[in-house]
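Structure first, commentary second.
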Protein chains: 2
Amino acid sequence: MACNPYHHSHKIRHSISSLCKVKYALPNSSITAFPFRNSPFHPIKFSNFRSLSASSTAAGTSTPTTFSWDDVVRVSQPEYNPHDSSGLRGFFDKIKACNRGSEMQSEFLPFVIEDQIVGYIHGSFAENLRNFQKVFILSKDNCDGGHVTLHRMLKSAEDRSRAVGEVIKCLAEKELIPGIRNELYPVTSSFGAPVFFSLERAAAPYFGIKAYGVHMNGYVEKDGQKFLWIGKRSPVKPTFPGMLDHLVAGGLPHGIACGENLMKECEEEAGIPISLSSRAIPVGAVSYSDIDGHRFKRDVLFCYDLKLPEGFVPNNQDGEVEGFKLIPVAHVANVIKRTHFFKSNCSIVIIDFLVRHGFVSPENFGYLDLLQSLKSGDCS
Amino acid sequence: MACNPYHHSHKIRHSISSLCKVKYALPNSSITAFPFRNSPFHPIKFSNFRSLSASSTAAGTSTPTTFSWDDVVRVSQPEYNPHDSSGLRGFFDKIKACNRGSEMQSEFLPFVIEDQIVGYIHGSFAENLRNFQKVFILSKDNCDGGHVTLHRMLKSAEDRSRAVGEVIKCLAEKELIPGIRNELYPVTSSFGAPVFFSLERAAAPYFGIKAYGVHMNGYVEKDGQKFLWIGKRSPVKPTFPGMLDHLVAGGLPHGIACGENLMKECEEEAGIPISLSSRAIPVGAVSYSDIDGHRFKRDVLFCYDLKLPEGFVPNNQDGEVEGFKLIPVAHVANVIKRTHFFKSNCSIVIIDFLVRHGFVSPENFGYLDLLQSLKSGDCS
C-alpha cells in the first residue's frame, strides 16, 4: 500500500529539557481551577477544560527523545526536588495531556449505527467520506446538526467491515489515515454491547470510536517496599519511540477477551510465562477523551496488577522494548510528576496504581478530583 | 432534650427471609437497563434510576433482625447457590439500595451559602424553617425555583453554627430531626473547600449536605487466599442493629483528618493499636446519593485497606459491635450478592475492595457499569 507507514504527529521526539518541568514551580492557578466537580444536579462538564499545547503534551516537535535511564534515575530521586512530595499538580498535568480539546467537541458529528452513537467524526474529515456514497451517508439534519451513518444496504457486520475497510484503504493511500496497523477494533456503543462491525485500528480516532486496551503494572515487594518494572520503548518504534512504558500494555482487538489478550501481551512484550501472567489481577479501568485535530480518541484501559517474584527479570520478545528497569514506586511517582518521559496514557494507569496502593492520600489537596479525573472519558 | 433518641426509619429490623433473595432468579431486565452509560456529550444521568422499595432496602419493616453468624456462613458457601458465581446483578442491587429516589430530586431546594450550593432541602421540610426568620431565608425566585440560604447577618462560621444549632435543637424537640448525635459535620461545597459552618450530624440528610466517612476493610492473607474481617453490629445499636459491617468505619467529624480519624476508630471499634492501624493504606473513595422522604444523603466514603497479621483478633472497645468473624473474601462476595445482611453502604465499600483485588473481572458482563456505579453520588 502506497501509504505513509505512520503519522508524524504520532512521533514523540523531545529533548530532555522540554520533557522535564522547569524549576517545578507550582503556580497559584492550581487544582481549584480544574472542572472536575460534579453534583447530582450538575454532572461533570469539561467546557473550561484547558488543553495543553502540543509542546507541553510531548507531541508535535521533531527533536529526538534523548533521555536515558540515567536521566530517569536522576529525576526520580527525592533529593532532585525535595519540596514537591505531596502536591498532586504534576499528576493533574499528565491527565490533562490525555484529555485535550474538549472545546472542539462541537466540531464533530455523531457516527450513528442502528440508532446508537458509536463514534464522532470531525466535520472536515467527514467531507472525505462524501466520495463513498454507497458506504457512508452524511445527513444534515436541522435538529441535531447532522450525523454520519452507514448506507442502509450494509446490514451485516461482515458487509460493513468489508465496505468500510475498502474506504479506509483509499483514505490511507491518500495519507488521510496514516499508520495502518492491519489490526481490527470492534465498533460498539459500549463494552460488551453488540459489535456493529470491525474497523482498522489506525482509523479508530478518525471515526471517534471507543477503543479498549489492557495495561499491566508489574511490581515487586522487597522488605515492605514496592517497586515497579518500567519499560523503555524501542527508539525505532513508530509511536512514542524511546518513551517510558508499563511492563505490558496493548490494544484489545476484536474477538479476544481481556485476560487472554493480557497473557498474550505478557509473553510477547516481557517474556512472562503463563504460569506467572495468569496471576495478574484485574483492578479496574481508567478512561480519557482526547481531541487532536481530526482525531478523537475515546479510550478505556482495563488495568491489571501483577506481583512478580523478586528473581524474575522481564525479557522483551518482539523487539518493541529497549529495556526494563525496576524502580521504587515512590520514585516512579516522581518521574510522572516531574517529566513527560512516560507515554502519556501510561501515566494515568500508573497514577491509578499510586491511588490504589496508598501513594497518595485524602490529605493531599485535590485527592477526590484526582480520582474522578482518572475516568475523564466515557468509561463504558 | 425531650427528643426521640433515634428515628424508627433508621432501624433495620428484618427476618432472614426478607433479607435473602428468593431463589436468586435473574430476570431478563438485567444490567443493560441500568442507566450508567455516559459519553462526552451525554453525561451520566439517573432519571430512569429505579429505586428499591423500603422492604427491599432493609428499611422500614419492624420484624427483628434475626440472622446469626451461622446464617451468614451458610449463605456464603459456594454450594448454597452454585450457579450465581459470575453475575454482577446482586452487586448492582446493593448499590441501587444506596441510590434511591433520584426521581424526587426536583422536590428539593438548593441550600446556598456565599453563592455555593452546599446542600439540598426538601420543599416541605423547608417550610419548618420559616419560623426561624433570623436564621434561614427562603427565596422564591421565579428563575431557579427557589432556594434556601442563611440570614446575611450570620457572617462567621461560629455565628452560623450557633444559630443553626439552636434551630436544630427546636426541630429535634418537635421530633422533626430525630437521633441527635451531638457530633458536628463540616458544611462545605466539596472536600477541602472552605467550611461555611458546622452542623449536627443527624441533621445532615435533612439539609442534604455532603457527608464524609472513613471505611476500612481489614484483611488477612493465608496461603495465597484472602479473608476479610467482618463485624456484626450490636443488636442494641440505634442504627442498623445486628447487621454486618466492616472491621472499622466512621463518619468524619469537623476538624480531624481522615487518617487520624481512622486510627481513632480502629482503636475504639476493633482494638487495633496504632502500630498496626498506621499501616492502613488509602485506596480511593466511593459515593452515593440517596433520597428517602425529606432526607437526602450525599455521602463520600474514603476507603482504606489494612492487611492484618494472621494472629491478630479484633476486639471491640465501645460496645457497638457484637462480634467479628474472618471470612474468605469470595464468601463475603456471596453474602453481598445473596442477602441484605450488610449495612447498605458497607456493601459498596466491599464491592470496591472486590474490584481492586480481582474478585470481579472485565469478563463479567457489566464490569465497567459496576465501576461507575461505585461513584454514583457527587464524589467531590
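By order of appearance in the C-alpha cells: chains A, B, ..., then residues from 1 within every chain, and ligands from 1 in the order shown.
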- Considering only C-alpha atoms, extract the chain A residues located within 6 Å of chain B and return them as a list of chain:residue names. A:Asn38, A:Ser39, A:Ile281, A:Pro282, A:Val283, A:Val355, A:Arg356, A:Gly358, A:Ser361, A:Leu368, A:Asp378, A:Ser380
**Prompt:** Near segment 207-217 of chain A, counting only C-alpha atoms, which residues have an atom at most 7 Å away, once you skip same-chain residues fewer than 5 positions from it, shown as a list in words?
**Reply:**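 Close residues of segment 207-217 of chain A: Val118, Gly119, Tyr120, Ile121, Val187, Leu228, His246, Leu247, Val248, Ala249, Gly250, Gly251, Leu252, Cys258, Leu262, Arg295, Phe296, Lys297, Arg298, Asp299, Val300, Leu301, Phe302, Cys303, Tyr304, Asp305 and Leu306 of chain A.
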Atom CA of Asn345 of chain A sits from atom CA of Arg100 of chain A at a separation of 12.4 Å
Between A:Phe132, A:Phe312, A:Tyr80, A:Phe125, smallest distance to Tyr219 of chain A by only C-alpha atoms belongs to A:Phe312
Students should find that atom CA of Ala202 of chain B and atom CA of Tyr185 of chain B are spaced 9.3 Å
In terms of only C-alpha atoms, the residue from B:Lys226, B:His83, B:Lys155, B:His122 at minimal distance from Val329 of chain B is B:Lys226
In Å to one decimal, how far is atom CA of Val148 of chain B from atom CA of Ser161 of chain B?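 Going from atom CA of Ser161 of chain B over to atom CA of Val148 of chain B covers 16.0 Å.
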* Enumerate as a ChimeraX atom specification all residues of segment 219-324 of chain B assigned to strand (DSSP E or B) by DSSP on the backbone, naming them with the chain letters and numbers the document uses. => /B:219-222,225-233,244-245,248-251,281-292,295-307,321-324
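Look at Gly123 of chain B: the protein and nucleic acid residues within 8 Å of it, using only C-alpha atoms and passing over chain neighbours fewer than 6 places away, are Glu107, Phe108 and Leu109 of chain B.
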Grab the residues selected above and save them as a short mmCIF file (atom, residue, chain, number, x, y, z; two decimals), in the first residue's frame with N, CA, C and O atoms.
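File produced: again12.cif:
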data_model
loop_
_atom_site.label_atom_id
_atom_site.label_comp_id
_atom_site.auth_asym_id
_atom_site.auth_seq_id
_atom_site.Cartn_x
_atom_site.Cartn_y
_atom_site.Cartn_z
N GLU B 107 -37.93 17.88 44.04
CA GLU B 107 -38.68 18.32 45.23
C GLU B 107 -37.78 19.06 46.21
O GLU B 107 -38.24 19.57 47.23
N PHE B 108 -36.47 19.11 45.92
CA PHE B 108 -35.51 19.72 46.86
C PHE B 108 -35.06 21.10 46.37
O PHE B 108 -34.91 21.32 45.16
N LEU B 109 -34.85 21.99 47.34
CA LEU B 109 -34.36 23.34 47.04
C LEU B 109 -32.87 23.40 47.34
O LEU B 109 -32.44 22.89 48.38
#
